[in-house]
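A.B. asks: My structure is in final.cif, and what it holds is mmCIF, C-alpha atoms:
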data_data
#
loop_
_atom_site.label_atom_id
_atom_site.label_comp_id
_atom_site.auth_asym_id
_atom_site.auth_seq_id
_atom_site.Cartn_x
_atom_site.Cartn_y
_atom_site.Cartn_z
CA MET A 1 -16.50 0.88 18.61
CA ASN A 2 -17.97 1.60 15.20
CA LEU A 3 -16.38 4.85 14.01
CA SER A 4 -18.55 5.51 10.99
CA GLU A 5 -20.67 8.59 10.38
CA GLN A 6 -24.10 8.21 8.83
CA GLN A 7 -25.34 10.78 6.34
CA LEU A 8 -28.61 12.37 7.45
CA SER A 9 -28.88 15.03 4.74
CA SER A 10 -26.81 16.69 2.03
CA GLU A 11 -27.10 20.25 0.79
CA ALA A 12 -25.63 20.74 -2.68
CA ILE A 13 -23.60 23.97 -2.78
CA PHE A 14 -21.76 23.89 -6.09
CA ASP A 15 -21.60 21.66 -9.14
CA GLY A 16 -18.60 22.83 -11.12
CA ASN A 17 -16.61 21.56 -14.08
CA ILE A 18 -14.25 19.74 -11.74
CA LEU A 19 -15.48 20.06 -8.15
CA ARG A 20 -18.78 19.37 -6.43
CA VAL A 21 -19.25 20.90 -3.00
CA SER A 22 -21.87 19.96 -0.43
CA VAL A 23 -22.57 20.52 3.25
CA ASP A 24 -23.76 17.29 4.80
CA THR A 25 -25.30 16.59 8.16
CA VAL A 26 -24.10 13.34 9.72
CA ARG A 27 -24.88 11.26 12.77
CA LEU A 28 -21.75 10.61 14.83
CA PRO A 29 -21.02 7.29 16.57
CA ASP A 30 -22.44 8.68 19.84
CA GLY A 31 -25.68 9.75 18.18
CA GLN A 32 -24.88 13.46 18.04
CA ARG A 33 -25.06 15.44 14.82
CA ALA A 34 -22.28 17.29 13.02
CA THR A 35 -21.86 19.03 9.68
CA ARG A 36 -19.24 18.12 7.08
CA GLU A 37 -18.06 20.40 4.28
CA VAL A 38 -17.18 18.07 1.43
CA VAL A 39 -15.42 18.61 -1.89
CA ARG A 40 -15.97 15.84 -4.44
CA HIS A 41 -13.23 15.45 -7.04
CA PRO A 42 -12.94 13.02 -10.01
CA GLY A 43 -9.54 11.73 -8.84
CA ALA A 44 -6.12 12.17 -10.36
CA VAL A 45 -2.94 10.44 -11.45
CA ALA A 46 0.73 11.26 -11.13
CA VAL A 47 3.78 9.67 -12.73
CA LEU A 48 7.34 9.21 -11.55
CA ALA A 49 9.46 9.01 -14.70
CA VAL A 50 13.22 8.51 -14.46
CA THR A 51 15.56 9.06 -17.41
CA GLU A 52 18.48 6.82 -18.39
CA GLN A 53 20.71 9.49 -16.85
CA ASP A 54 18.97 8.86 -13.49
CA GLU A 55 17.02 12.11 -13.43
CA ALA A 56 13.43 12.50 -12.32
CA VAL A 57 11.28 14.27 -14.91
CA LEU A 58 9.51 17.18 -13.22
CA VAL A 59 7.35 20.03 -14.44
CA GLU A 60 7.35 23.56 -13.13
CA GLN A 61 3.82 24.86 -13.26
CA TYR A 62 1.88 27.83 -11.90
CA ARG A 63 -0.69 26.70 -9.36
CA TYR A 64 -3.33 29.37 -9.12
CA PRO A 65 -4.76 28.29 -5.72
CA CYS A 66 -1.27 28.57 -4.22
CA ALA A 67 -0.42 31.73 -6.18
CA ARG A 68 3.02 30.39 -7.12
CA THR A 69 4.82 27.94 -9.32
CA LEU A 70 5.49 24.45 -7.97
CA LEU A 71 7.91 21.79 -9.09
CA GLU A 72 5.92 18.56 -9.47
CA ILE A 73 5.91 15.20 -11.12
CA PRO A 74 3.61 15.10 -14.17
CA ALA A 75 -0.01 14.70 -13.10
CA GLY A 76 -3.56 15.28 -14.15
CA LYS A 77 -7.18 14.77 -13.33
CA LEU A 78 -9.04 11.64 -14.30
CA ASP A 79 -11.48 12.25 -17.05
CA VAL A 80 -15.00 12.42 -15.64
CA ALA A 81 -16.01 9.90 -18.31
CA GLY A 82 -14.18 7.17 -16.44
CA GLU A 83 -10.71 7.04 -17.98
CA GLU A 84 -8.50 4.25 -16.63
CA PRO A 85 -5.84 5.62 -14.26
CA ALA A 86 -2.97 3.86 -16.08
CA ALA A 87 -4.08 5.23 -19.46
CA CYS A 88 -4.44 8.68 -17.94
CA ALA A 89 -0.92 8.48 -16.51
CA LEU A 90 0.57 7.53 -19.90
CA ARG A 91 -1.34 10.36 -21.54
CA GLU A 92 -0.32 13.00 -18.98
CA LEU A 93 3.36 12.07 -19.19
CA ALA A 94 3.28 12.38 -22.97
CA GLU A 95 1.29 15.64 -22.87
CA GLU A 96 3.38 17.41 -20.25
CA THR A 97 6.90 16.21 -21.02
CA PRO A 98 8.99 15.11 -24.02
CA TYR A 99 8.86 11.54 -22.67
CA THR A 100 6.61 8.62 -23.41
CA ALA A 101 6.43 5.42 -21.38
CA GLN A 102 5.81 1.91 -22.67
CA SER A 103 3.82 1.10 -19.54
CA VAL A 104 3.25 2.20 -15.96
CA GLU A 105 3.29 0.34 -12.66
CA LEU A 106 1.04 1.43 -9.79
CA LEU A 107 3.11 2.42 -6.73
CA TYR A 108 0.51 3.89 -4.38
CA ARG A 109 -3.08 4.97 -4.17
CA PHE A 110 -3.86 7.63 -1.61
CA TYR A 111 -6.26 10.33 -0.54
CA THR A 112 -4.69 13.77 -0.80
CA SER A 113 -6.90 15.63 1.72
CA ALA A 114 -9.09 13.07 3.45
CA GLY A 115 -10.45 15.62 5.92
CA PHE A 116 -12.49 17.50 3.35
CA SER A 117 -12.15 15.84 -0.06
CA ASP A 118 -12.52 12.42 -1.68
CA GLU A 119 -9.75 13.18 -4.19
CA LYS A 120 -7.90 9.93 -4.76
CA MET A 121 -4.49 9.98 -6.39
CA TYR A 122 -2.94 7.07 -8.29
CA LEU A 123 0.84 7.31 -8.33
CA PHE A 124 2.59 5.36 -11.08
CA LEU A 125 6.15 4.51 -12.02
CA ALA A 126 6.80 4.95 -15.74
CA LYS A 127 8.52 1.98 -17.38
CA ASP A 128 10.85 2.06 -20.40
CA ILE A 129 10.53 5.75 -21.16
CA TYR A 130 11.86 7.24 -24.39
CA GLU A 131 12.17 10.80 -25.59
CA ASN A 132 9.66 12.10 -28.08
CA SER A 133 10.31 14.89 -30.51
CA THR A 134 6.94 16.59 -30.17
CA LEU A 135 5.23 17.96 -27.08
CA HIS A 136 1.45 18.33 -26.99
CA ALA A 137 0.35 20.41 -24.01
CA ASP A 138 -3.23 21.04 -23.04
CA SER A 139 -4.35 24.44 -24.22
CA ASP A 140 -4.51 25.88 -20.71
CA GLU A 141 -1.32 24.33 -19.35
CA PHE A 142 1.94 26.23 -19.36
CA LEU A 143 4.94 24.50 -17.90
CA HIS A 144 8.66 23.97 -17.95
CA VAL A 145 10.20 20.53 -17.87
CA VAL A 146 12.96 20.18 -15.26
CA LYS A 147 15.18 17.13 -14.87
CA LEU A 148 16.28 16.54 -11.28
CA PRO A 149 19.35 14.31 -10.86
CA ARG A 150 19.07 11.70 -8.13
CA ALA A 151 22.03 13.26 -6.29
CA HIS A 152 20.04 16.50 -5.88
CA VAL A 153 16.78 14.99 -4.61
CA GLN A 154 17.57 14.94 -0.91
CA ALA A 155 18.61 18.59 -0.95
CA ALA A 156 15.53 19.56 -2.98
CA LEU A 157 13.29 17.90 -0.40
CA GLN A 158 15.06 19.40 2.60
CA SER A 159 15.42 22.92 1.22
CA GLY A 160 11.72 23.33 0.49
CA GLN A 161 12.26 23.40 -3.28
CA ILE A 162 9.74 20.53 -3.51
CA ILE A 163 6.56 21.38 -1.62
CA ASP A 164 3.99 19.27 -3.42
CA ALA A 165 2.69 16.21 -1.55
CA LYS A 166 2.54 13.70 -4.42
CA THR A 167 6.00 14.76 -5.59
CA ILE A 168 7.49 14.28 -2.12
CA ILE A 169 5.96 10.78 -1.99
CA ALA A 170 7.34 9.91 -5.42
CA LEU A 171 10.85 11.24 -4.73
CA GLN A 172 11.04 9.53 -1.33
CA TYR A 173 10.00 6.31 -3.06
CA TRP A 174 12.68 6.78 -5.71
CA LEU A 175 15.40 7.37 -3.11
CA ALA A 176 14.36 4.19 -1.30
CA HIS A 177 14.18 2.12 -4.52
CA PRO A 178 17.20 2.95 -6.68
CA MET B 1 8.41 32.41 -20.06
CA ASN B 2 6.40 33.81 -17.19
CA LEU B 3 4.02 31.04 -16.12
CA SER B 4 1.81 33.01 -13.76
CA GLU B 5 -1.94 33.45 -14.07
CA GLN B 6 -3.47 36.82 -13.28
CA GLN B 7 -6.81 37.01 -11.51
CA LEU B 8 -9.41 38.94 -13.50
CA SER B 9 -12.42 38.27 -11.30
CA SER B 10 -13.55 36.04 -8.46
CA GLU B 11 -17.06 34.74 -7.80
CA ALA B 12 -17.60 33.72 -4.18
CA ILE B 13 -19.50 30.43 -4.06
CA PHE B 14 -19.36 29.31 -0.44
CA ASP B 15 -18.04 30.64 2.83
CA GLY B 16 -18.17 27.74 5.27
CA ASN B 17 -16.84 27.03 8.72
CA ILE B 18 -13.70 25.52 7.23
CA LEU B 19 -13.72 25.96 3.46
CA ARG B 20 -14.19 28.92 1.15
CA VAL B 21 -14.97 28.15 -2.48
CA SER B 22 -14.74 30.50 -5.42
CA VAL B 23 -14.72 30.37 -9.19
CA ASP B 24 -12.10 32.73 -10.52
CA THR B 25 -11.42 33.95 -14.02
CA VAL B 26 -7.73 34.25 -14.83
CA ARG B 27 -5.58 35.50 -17.68
CA LEU B 28 -3.18 32.82 -18.89
CA PRO B 29 0.41 33.55 -19.95
CA ASP B 30 -0.70 33.69 -23.61
CA GLY B 31 -3.44 36.23 -22.86
CA GLN B 32 -6.33 33.76 -23.06
CA ARG B 33 -8.84 33.40 -20.25
CA ALA B 34 -9.63 30.35 -18.14
CA THR B 35 -11.69 29.59 -15.04
CA ARG B 36 -10.30 28.10 -11.83
CA GLU B 37 -12.40 26.38 -9.18
CA VAL B 38 -10.60 27.10 -5.92
CA VAL B 39 -11.04 25.76 -2.38
CA ARG B 40 -9.45 27.92 0.33
CA HIS B 41 -8.46 26.06 3.50
CA PRO B 42 -6.89 27.35 6.76
CA GLY B 43 -4.01 24.87 6.56
CA ALA B 44 -3.21 21.87 8.72
CA VAL B 45 -0.53 20.10 10.72
CA ALA B 46 0.45 16.47 11.10
CA VAL B 47 2.83 14.80 13.55
CA LEU B 48 5.08 11.77 13.26
CA ALA B 49 5.48 10.44 16.81
CA VAL B 50 7.63 7.37 17.45
CA THR B 51 7.54 5.48 20.76
CA GLU B 52 10.57 4.16 22.66
CA GLN B 53 9.59 0.73 21.30
CA ASP B 54 10.11 2.10 17.75
CA GLU B 55 6.44 2.21 16.82
CA ALA B 56 4.74 5.02 14.91
CA VAL B 57 1.68 6.37 16.70
CA LEU B 58 -1.26 6.32 14.28
CA VAL B 59 -4.96 7.00 14.60
CA GLU B 60 -7.74 5.13 12.85
CA GLN B 61 -10.47 7.60 12.04
CA TYR B 62 -13.60 7.68 9.89
CA ARG B 63 -13.19 10.11 7.01
CA TYR B 64 -16.63 11.09 5.84
CA PRO B 65 -15.57 12.40 2.38
CA CYS B 66 -13.93 9.04 1.67
CA ALA B 67 -16.75 7.03 3.34
CA ARG B 68 -14.25 4.84 5.18
CA THR B 69 -11.80 4.73 8.04
CA LEU B 70 -8.20 5.63 7.35
CA LEU B 71 -5.05 4.95 9.32
CA GLU B 72 -3.20 8.26 9.68
CA ILE B 73 -0.65 10.09 11.72
CA PRO B 74 -2.27 12.54 14.16
CA ALA B 75 -3.30 15.72 12.38
CA GLY B 76 -5.63 18.65 12.52
CA LYS B 77 -6.59 21.96 11.01
CA LEU B 78 -4.93 25.17 11.96
CA ASP B 79 -7.15 27.41 13.99
CA VAL B 80 -8.54 30.19 11.82
CA ALA B 81 -7.39 32.64 14.50
CA GLY B 82 -3.78 32.09 13.47
CA GLU B 83 -2.48 29.33 15.75
CA GLU B 84 1.24 28.58 15.31
CA PRO B 85 1.74 25.29 13.42
CA ALA B 86 4.12 23.87 16.05
CA ALA B 87 1.69 24.63 18.89
CA CYS B 88 -1.12 23.09 16.88
CA ALA B 89 0.93 19.93 16.32
CA LEU B 90 1.67 19.56 20.03
CA ARG B 91 -2.01 20.09 20.82
CA GLU B 92 -3.27 17.60 18.22
CA LEU B 93 -0.88 14.88 19.36
CA ALA B 94 -2.03 15.31 22.96
CA GLU B 95 -5.71 15.46 21.98
CA GLU B 96 -5.74 12.46 19.68
CA THR B 97 -3.31 10.08 21.36
CA PRO B 98 -2.10 9.19 24.86
CA TYR B 99 1.25 10.82 24.02
CA THR B 100 2.61 14.26 24.63
CA ALA B 101 5.77 15.67 23.06
CA GLN B 102 8.24 18.07 24.65
CA SER B 103 8.76 19.76 21.29
CA VAL B 104 8.36 19.27 17.56
CA GLU B 105 10.71 19.67 14.62
CA LEU B 106 9.43 20.71 11.20
CA LEU B 107 10.16 18.04 8.57
CA TYR B 108 8.25 19.27 5.53
CA ARG B 109 5.77 21.86 4.38
CA PHE B 110 3.68 20.93 1.37
CA TYR B 111 0.51 21.61 -0.55
CA THR B 112 -1.84 18.62 -0.41
CA SER B 113 -3.85 19.31 -3.58
CA ALA B 114 -2.25 22.20 -5.39
CA GLY B 115 -4.50 21.81 -8.43
CA PHE B 116 -7.61 23.04 -6.65
CA SER B 117 -6.77 24.02 -3.06
CA ASP B 118 -4.34 26.18 -1.11
CA GLU B 119 -4.32 23.74 1.82
CA LYS B 120 -0.80 23.75 3.22
CA MET B 121 0.30 20.99 5.56
CA TYR B 122 3.10 21.28 8.11
CA LEU B 123 4.55 17.88 8.97
CA PHE B 124 6.41 17.67 12.27
CA LEU B 125 8.51 15.10 14.07
CA ALA B 126 7.59 14.83 17.76
CA LYS B 127 10.58 14.98 20.12
CA ASP B 128 10.87 13.32 23.56
CA ILE B 129 7.36 11.94 23.72
CA TYR B 130 5.94 10.49 26.92
CA GLU B 131 2.72 8.68 27.67
CA ASN B 132 -0.07 10.58 29.34
CA SER B 133 -2.79 9.01 31.45
CA THR B 134 -5.68 11.06 30.13
CA LEU B 135 -6.92 11.52 26.58
CA HIS B 136 -8.89 14.62 25.63
CA ALA B 137 -10.51 14.18 22.25
CA ASP B 138 -12.45 16.85 20.42
CA SER B 139 -16.15 16.36 20.87
CA ASP B 140 -16.71 15.35 17.25
CA GLU B 141 -13.64 13.13 16.84
CA PHE B 142 -13.85 9.39 17.31
CA LEU B 143 -10.70 7.43 16.80
CA HIS B 144 -8.58 4.43 17.73
CA VAL B 145 -4.90 4.73 18.47
CA VAL B 146 -2.80 2.15 16.60
CA LYS B 147 0.93 1.63 17.13
CA LEU B 148 2.73 0.47 13.99
CA PRO B 149 6.13 -1.17 14.57
CA ARG B 150 8.86 -0.09 12.23
CA ALA B 151 9.24 -3.62 10.90
CA HIS B 152 5.63 -3.50 9.61
CA VAL B 153 5.78 -0.13 7.87
CA GLN B 154 7.00 -1.28 4.48
CA ALA B 155 4.26 -3.92 4.27
CA ALA B 156 1.61 -1.43 5.43
CA LEU B 157 2.65 0.96 2.65
CA GLN B 158 2.78 -1.70 -0.05
CA SER B 159 -0.42 -3.50 0.89
CA GLY B 160 -2.59 -0.39 0.73
CA GLN B 161 -3.24 -0.37 4.48
CA ILE B 162 -1.90 3.21 4.51
CA ILE B 163 -3.62 5.33 1.87
CA ASP B 164 -3.33 8.80 3.31
CA ALA B 165 -0.83 11.14 1.63
CA LYS B 166 0.65 12.86 4.70
CA THR B 167 1.00 9.50 6.45
CA ILE B 168 2.86 7.99 3.49
CA ILE B 169 5.25 10.97 3.53
CA ALA B 170 5.83 10.62 7.28
CA LEU B 171 6.38 6.87 7.20
CA GLN B 172 8.73 7.02 4.20
CA TYR B 173 10.65 9.71 6.04
CA TRP B 174 10.87 7.51 9.13
CA LEU B 175 12.13 4.53 7.12
CA ALA B 176 14.84 6.72 5.58
CA HIS B 177 15.82 8.30 8.93
CA PRO B 178 15.97 5.53 11.58
#
Can I see the file as C-alpha cells?
C.D. replies:
Amino acid sequence: MNLSEQQLSSEAIFDGNILRVSVDTVRLPDGQRATREVVRHPGAVAVLAVTEQDEAVLVEQYRYPCARTLLEIPAGKLDVAGEEPAACALRELAEETPYTAQSVELLYRFYTSAGFSDEKMYLFLAKDIYENSTLHADSDEFLHVVKLPRAHVQAALQSGQIIDAKTIIALQYWLAHP
Amino acid sequence: MNLSEQQLSSEAIFDGNILRVSVDTVRLPDGQRATREVVRHPGAVAVLAVTEQDEAVLVEQYRYPCARTLLEIPAGKLDVAGEEPAACALRELAEETPYTAQSVELLYRFYTSAGFSDEKMYLFLAKDIYENSTLHADSDEFLHVVKLPRAHVQAALQSGQIIDAKTIIALQYWLAHP
C-alpha cells in the first residue's frame, strides 16, 4: 500500500522570522481528506564535544517555550541563507562555549517532531577540540557552560536532569562509543 | 546569573486542533527585549515494545511535514482532555500494532524541540506484550508494522534508515539495556 498523502491545498497562517505555519488539506491513501497543521523550520545543528578530561561540554540555557532552563549540548538553527550544517556546528560550539573544534563528524540526522514539523537536526561529534580564551555569545543568548564527566552521564539521564531530546541522543551515543 | 526570560506580551497567531502558535515579547536577563515564536503542543507518548524474538516493533508511516515515510516506534499525541501518558501509550501500541502490553514503564521524559515548542514526549517501555488478533487504527492513520531484530539496530541507526529522534533514543536505550 502506498502510504503517502497528497497535498490538495495549503493555507498560510504565519510567516515568522524562524517559523512558517500552514494548515494543509491532504488526500489520504484511501481517498479521504484530512487537515495537517504544519510548522516549517530552517533546520538545526547540535554538537557533542568531549574534553580531554572526558567531560561532555553542555550549556544551561533558558528555553522560553518550556518556561525553564535545560541542560543541552551546544546547538543552533541553520541560517536561512543556506549555511552548511558542519560550518554551523563549528560556529555554534565556538559561540556558546570556550571550545573550538578542528572539524566535526556527522553522527546522525533526524527529525525532531515529525508529526507536526519538518525541523531536521544534524548531530555532530566535535574533533580535536581546544579551549579558547574568548567567548562570543549571540546577543540574545544567555547561558552557562557545564562540563559533565562521563561517570555522571547515566545518572543525569536517569534522574531527569537531562530532558532535551538531542542531548539524550548525543549522551547515549557517547556512552556507547567511549 | 538568572537566565530566565520574562514574558512582556503575547500575540496569539493560531489556535488549531493540535497546535497553538504565538509571538511573544520577552525581557532578557540584561533587560533587553526579544521576540519568541512559540508552538504550544499537547504533548505526546512513544513506546518501545520488544517481542519475545527480540525484535523492536516499529511502524512505517507517512509524515506529511517531512514529505516522506519514517520508521518509528509507536507514538501519539496526548488527548487534550488530559489523558494519562501511560494510558495513552498502552492505547497507541494497541491501535498501531498487533501488540498489547500489560503495563508500561517510563524510561524518559524530554522536550523534542525546546527552541520553539513546549512539546513534551514521554517514552515508555512496554512490559509483557502479547500479540492481538485485531488491529484498530485511527481513521486517518495508515501504517505498516515492521519488526526490527536487535542484531540490525546498529546498522539501521548508522545507515540513516532510522531518522526519527524518539526512535533513536528508544533504540539506543534498548542496545544499552539488553
A.B. asks: Show me, as a compact mmCIF listing (two decimals) with C-alpha atoms, keeping the file's coordinate frame, the residues of chain B whose atoms get within 6 Å of chain A, using all atoms listed in the file for the distance check.
C.D. replies:
# COMPACT_ATOMS: atom_id res chain seq x y z
CA LEU B 3 4.02 31.04 -16.12
CA SER B 4 1.81 33.01 -13.76
CA VAL B 38 -10.60 27.10 -5.92
CA TYR B 62 -13.60 7.68 9.89
CA PRO B 65 -15.57 12.40 2.38
CA CYS B 66 -13.93 9.04 1.67
CA PHE B 110 3.68 20.93 1.37
CA TYR B 111 0.51 21.61 -0.55
CA THR B 112 -1.84 18.62 -0.41
CA SER B 117 -6.77 24.02 -3.06
CA ASP B 118 -4.34 26.18 -1.11
CA ILE B 163 -3.62 5.33 1.87
CA ASP B 164 -3.33 8.80 3.31
CA ALA B 165 -0.83 11.14 1.63
CA ILE B 169 5.25 10.97 3.53
A.B. asks: List the residues selected by the PyMOL selection byres ((chain B and resi 104) around 8) in the file shown, writing them as a PDB file with C-alpha atoms, in the frame of the given file.
C.D. replies:
ATOM      1  CA  ALA B  86       4.120  23.870  16.050  1.00  0.00           C
ATOM      2  CA  ALA B  89       0.930  19.930  16.320  1.00  0.00           C
ATOM      3  CA  LEU B  90       1.670  19.560  20.030  1.00  0.00           C
ATOM      4  CA  ALA B 101       5.770  15.670  23.060  1.00  0.00           C
ATOM      5  CA  GLN B 102       8.240  18.070  24.650  1.00  0.00           C
ATOM      6  CA  SER B 103       8.760  19.760  21.290  1.00  0.00           C
ATOM      7  CA  GLU B 105      10.710  19.670  14.620  1.00  0.00           C
ATOM      8  CA  LEU B 106       9.430  20.710  11.200  1.00  0.00           C
ATOM      9  CA  PHE B 124       6.410  17.670  12.270  1.00  0.00           C
ATOM     10  CA  LEU B 125       8.510  15.100  14.070  1.00  0.00           C
ATOM     11  CA  ALA B 126       7.590  14.830  17.760  1.00  0.00           C
ATOM     12  CA  LYS B 127      10.580  14.980  20.120  1.00  0.00           C
TER      13      LYS B 127
END
A.B. asks: Is it possible to see chain A as a short mmCIF file (atom, residue, chain, number, x, y, z; two decimals) with C-alpha atoms, in the frame of the given file, once it has been laid onto chain B by a least-squares fit on every C-alpha atom in order?
C.D. replies:
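Result saved to superposed-v4.cif:
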data_model
loop_
_atom_site.label_atom_id
_atom_site.label_comp_id
_atom_site.auth_asym_id
_atom_site.auth_seq_id
_atom_site.Cartn_x
_atom_site.Cartn_y
_atom_site.Cartn_z
CA MET A 1 8.44 32.42 -20.05
CA ASN A 2 6.40 33.81 -17.18
CA LEU A 3 4.02 31.04 -16.12
CA SER A 4 1.81 33.01 -13.77
CA GLU A 5 -1.94 33.46 -14.06
CA GLN A 6 -3.47 36.83 -13.28
CA GLN A 7 -6.81 37.01 -11.49
CA LEU A 8 -9.39 38.94 -13.50
CA SER A 9 -12.42 38.27 -11.30
CA SER A 10 -13.55 36.04 -8.45
CA GLU A 11 -17.04 34.76 -7.79
CA ALA A 12 -17.59 33.71 -4.18
CA ILE A 13 -19.52 30.42 -4.06
CA PHE A 14 -19.37 29.30 -0.45
CA ASP A 15 -18.04 30.64 2.83
CA GLY A 16 -18.16 27.74 5.25
CA ASN A 17 -16.84 27.01 8.73
CA ILE A 18 -13.69 25.52 7.23
CA LEU A 19 -13.71 25.95 3.45
CA ARG A 20 -14.20 28.92 1.15
CA VAL A 21 -14.97 28.14 -2.47
CA SER A 22 -14.74 30.52 -5.41
CA VAL A 23 -14.72 30.37 -9.20
CA ASP A 24 -12.10 32.74 -10.53
CA THR A 25 -11.43 33.96 -14.02
CA VAL A 26 -7.73 34.26 -14.82
CA ARG A 27 -5.59 35.52 -17.66
CA LEU A 28 -3.18 32.84 -18.87
CA PRO A 29 0.41 33.56 -19.95
CA ASP A 30 -0.70 33.69 -23.61
CA GLY A 31 -3.43 36.22 -22.87
CA GLN A 32 -6.33 33.77 -23.05
CA ARG A 33 -8.84 33.41 -20.24
CA ALA A 34 -9.62 30.35 -18.14
CA THR A 35 -11.68 29.60 -15.05
CA ARG A 36 -10.31 28.11 -11.83
CA GLU A 37 -12.39 26.37 -9.17
CA VAL A 38 -10.61 27.10 -5.91
CA VAL A 39 -11.04 25.76 -2.39
CA ARG A 40 -9.44 27.90 0.32
CA HIS A 41 -8.47 26.05 3.49
CA PRO A 42 -6.89 27.36 6.75
CA GLY A 43 -4.00 24.86 6.55
CA ALA A 44 -3.20 21.89 8.72
CA VAL A 45 -0.53 20.10 10.71
CA ALA A 46 0.45 16.48 11.11
CA VAL A 47 2.83 14.80 13.54
CA LEU A 48 5.07 11.77 13.26
CA ALA A 49 5.48 10.45 16.80
CA VAL A 50 7.64 7.39 17.47
CA THR A 51 7.54 5.49 20.76
CA GLU A 52 10.56 4.15 22.66
CA GLN A 53 9.57 0.74 21.31
CA ASP A 54 10.10 2.10 17.76
CA GLU A 55 6.42 2.23 16.83
CA ALA A 56 4.74 5.02 14.91
CA VAL A 57 1.67 6.38 16.70
CA LEU A 58 -1.26 6.30 14.28
CA VAL A 59 -4.96 6.98 14.60
CA GLU A 60 -7.74 5.12 12.86
CA GLN A 61 -10.46 7.58 12.03
CA TYR A 62 -13.60 7.67 9.89
CA ARG A 63 -13.19 10.10 7.02
CA TYR A 64 -16.63 11.09 5.84
CA PRO A 65 -15.57 12.39 2.38
CA CYS A 66 -13.93 9.02 1.67
CA ALA A 67 -16.73 7.04 3.33
CA ARG A 68 -14.25 4.82 5.18
CA THR A 69 -11.82 4.72 8.04
CA LEU A 70 -8.19 5.62 7.35
CA LEU A 71 -5.06 4.94 9.32
CA GLU A 72 -3.22 8.26 9.68
CA ILE A 73 -0.67 10.10 11.72
CA PRO A 74 -2.28 12.55 14.17
CA ALA A 75 -3.30 15.74 12.38
CA GLY A 76 -5.61 18.69 12.53
CA LYS A 77 -6.59 21.96 11.00
CA LEU A 78 -4.91 25.20 11.95
CA ASP A 79 -7.14 27.40 13.98
CA VAL A 80 -8.53 30.19 11.81
CA ALA A 81 -7.39 32.62 14.50
CA GLY A 82 -3.79 32.09 13.47
CA GLU A 83 -2.48 29.34 15.75
CA GLU A 84 1.22 28.57 15.31
CA PRO A 85 1.74 25.29 13.43
CA ALA A 86 4.14 23.89 16.06
CA ALA A 87 1.70 24.65 18.89
CA CYS A 88 -1.11 23.11 16.88
CA ALA A 89 0.94 19.96 16.31
CA LEU A 90 1.67 19.57 20.04
CA ARG A 91 -2.00 20.10 20.82
CA GLU A 92 -3.27 17.61 18.22
CA LEU A 93 -0.88 14.88 19.37
CA ALA A 94 -2.02 15.31 22.96
CA GLU A 95 -5.71 15.47 21.98
CA GLU A 96 -5.74 12.46 19.68
CA THR A 97 -3.31 10.08 21.37
CA PRO A 98 -2.10 9.19 24.88
CA TYR A 99 1.25 10.83 24.02
CA THR A 100 2.62 14.27 24.63
CA ALA A 101 5.77 15.69 23.05
CA GLN A 102 8.26 18.07 24.63
CA SER A 103 8.77 19.77 21.28
CA VAL A 104 8.36 19.26 17.54
CA GLU A 105 10.73 19.67 14.62
CA LEU A 106 9.42 20.72 11.20
CA LEU A 107 10.16 18.04 8.57
CA TYR A 108 8.25 19.29 5.53
CA ARG A 109 5.77 21.86 4.38
CA PHE A 110 3.69 20.92 1.38
CA TYR A 111 0.51 21.58 -0.55
CA THR A 112 -1.83 18.60 -0.41
CA SER A 113 -3.87 19.30 -3.58
CA ALA A 114 -2.23 22.19 -5.40
CA GLY A 115 -4.50 21.83 -8.43
CA PHE A 116 -7.61 23.04 -6.65
CA SER A 117 -6.77 24.00 -3.06
CA ASP A 118 -4.33 26.17 -1.12
CA GLU A 119 -4.32 23.73 1.82
CA LYS A 120 -0.80 23.76 3.22
CA MET A 121 0.30 20.99 5.54
CA TYR A 122 3.09 21.29 8.11
CA LEU A 123 4.55 17.89 8.96
CA PHE A 124 6.41 17.67 12.26
CA LEU A 125 8.52 15.11 14.07
CA ALA A 126 7.60 14.84 17.75
CA LYS A 127 10.57 14.98 20.12
CA ASP A 128 10.87 13.32 23.54
CA ILE A 129 7.35 11.94 23.71
CA TYR A 130 5.93 10.50 26.92
CA GLU A 131 2.71 8.69 27.68
CA ASN A 132 -0.09 10.59 29.35
CA SER A 133 -2.76 9.01 31.47
CA THR A 134 -5.66 11.08 30.16
CA LEU A 135 -6.92 11.50 26.61
CA HIS A 136 -8.89 14.59 25.64
CA ALA A 137 -10.53 14.16 22.24
CA ASP A 138 -12.44 16.84 20.42
CA SER A 139 -16.16 16.34 20.86
CA ASP A 140 -16.70 15.33 17.24
CA GLU A 141 -13.63 13.11 16.84
CA PHE A 142 -13.84 9.38 17.32
CA LEU A 143 -10.68 7.40 16.81
CA HIS A 144 -8.59 4.43 17.75
CA VAL A 145 -4.90 4.73 18.48
CA VAL A 146 -2.79 2.15 16.62
CA LYS A 147 0.93 1.63 17.14
CA LEU A 148 2.73 0.47 14.00
CA PRO A 149 6.12 -1.18 14.58
CA ARG A 150 8.87 -0.06 12.23
CA ALA A 151 9.23 -3.62 10.90
CA HIS A 152 5.63 -3.50 9.63
CA VAL A 153 5.78 -0.11 7.88
CA GLN A 154 6.99 -1.27 4.49
CA ALA A 155 4.28 -3.91 4.27
CA ALA A 156 1.62 -1.43 5.41
CA LEU A 157 2.64 0.97 2.65
CA GLN A 158 2.79 -1.69 -0.06
CA SER A 159 -0.42 -3.50 0.88
CA GLY A 160 -2.57 -0.38 0.71
CA GLN A 161 -3.23 -0.38 4.46
CA ILE A 162 -1.91 3.21 4.51
CA ILE A 163 -3.64 5.31 1.86
CA ASP A 164 -3.34 8.79 3.31
CA ALA A 165 -0.85 11.13 1.63
CA LYS A 166 0.63 12.84 4.70
CA THR A 167 0.98 9.49 6.46
CA ILE A 168 2.83 7.96 3.50
CA ILE A 169 5.22 10.94 3.51
CA ALA A 170 5.82 10.62 7.24
CA LEU A 171 6.38 6.84 7.18
CA GLN A 172 8.70 7.04 4.16
CA TYR A 173 10.65 9.71 6.04
CA TRP A 174 10.84 7.52 9.13
CA LEU A 175 12.12 4.52 7.14
CA ALA A 176 14.82 6.70 5.59
CA HIS A 177 15.82 8.28 8.93
CA PRO A 178 15.96 5.55 11.58
#
A.B. asks: Have a look at A:Ala87, A:Asn132, A:Ser9, A:Val57 and name the one nearest to Trp174 in chain A; count all atoms listed in the file.
C.D. replies: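 The answer is A:Val57, which sits nearest to Trp174 in chain A.
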A.B. asks: Just checking: using all atoms listed in the file, which residue out of A:Leu71, A:Pro149, A:Ala49, A:Gln154 ends up closest to His177 in chain B?
C.D. replies: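 Selected residue with least distance to His177 in chain B: A:Gln154.
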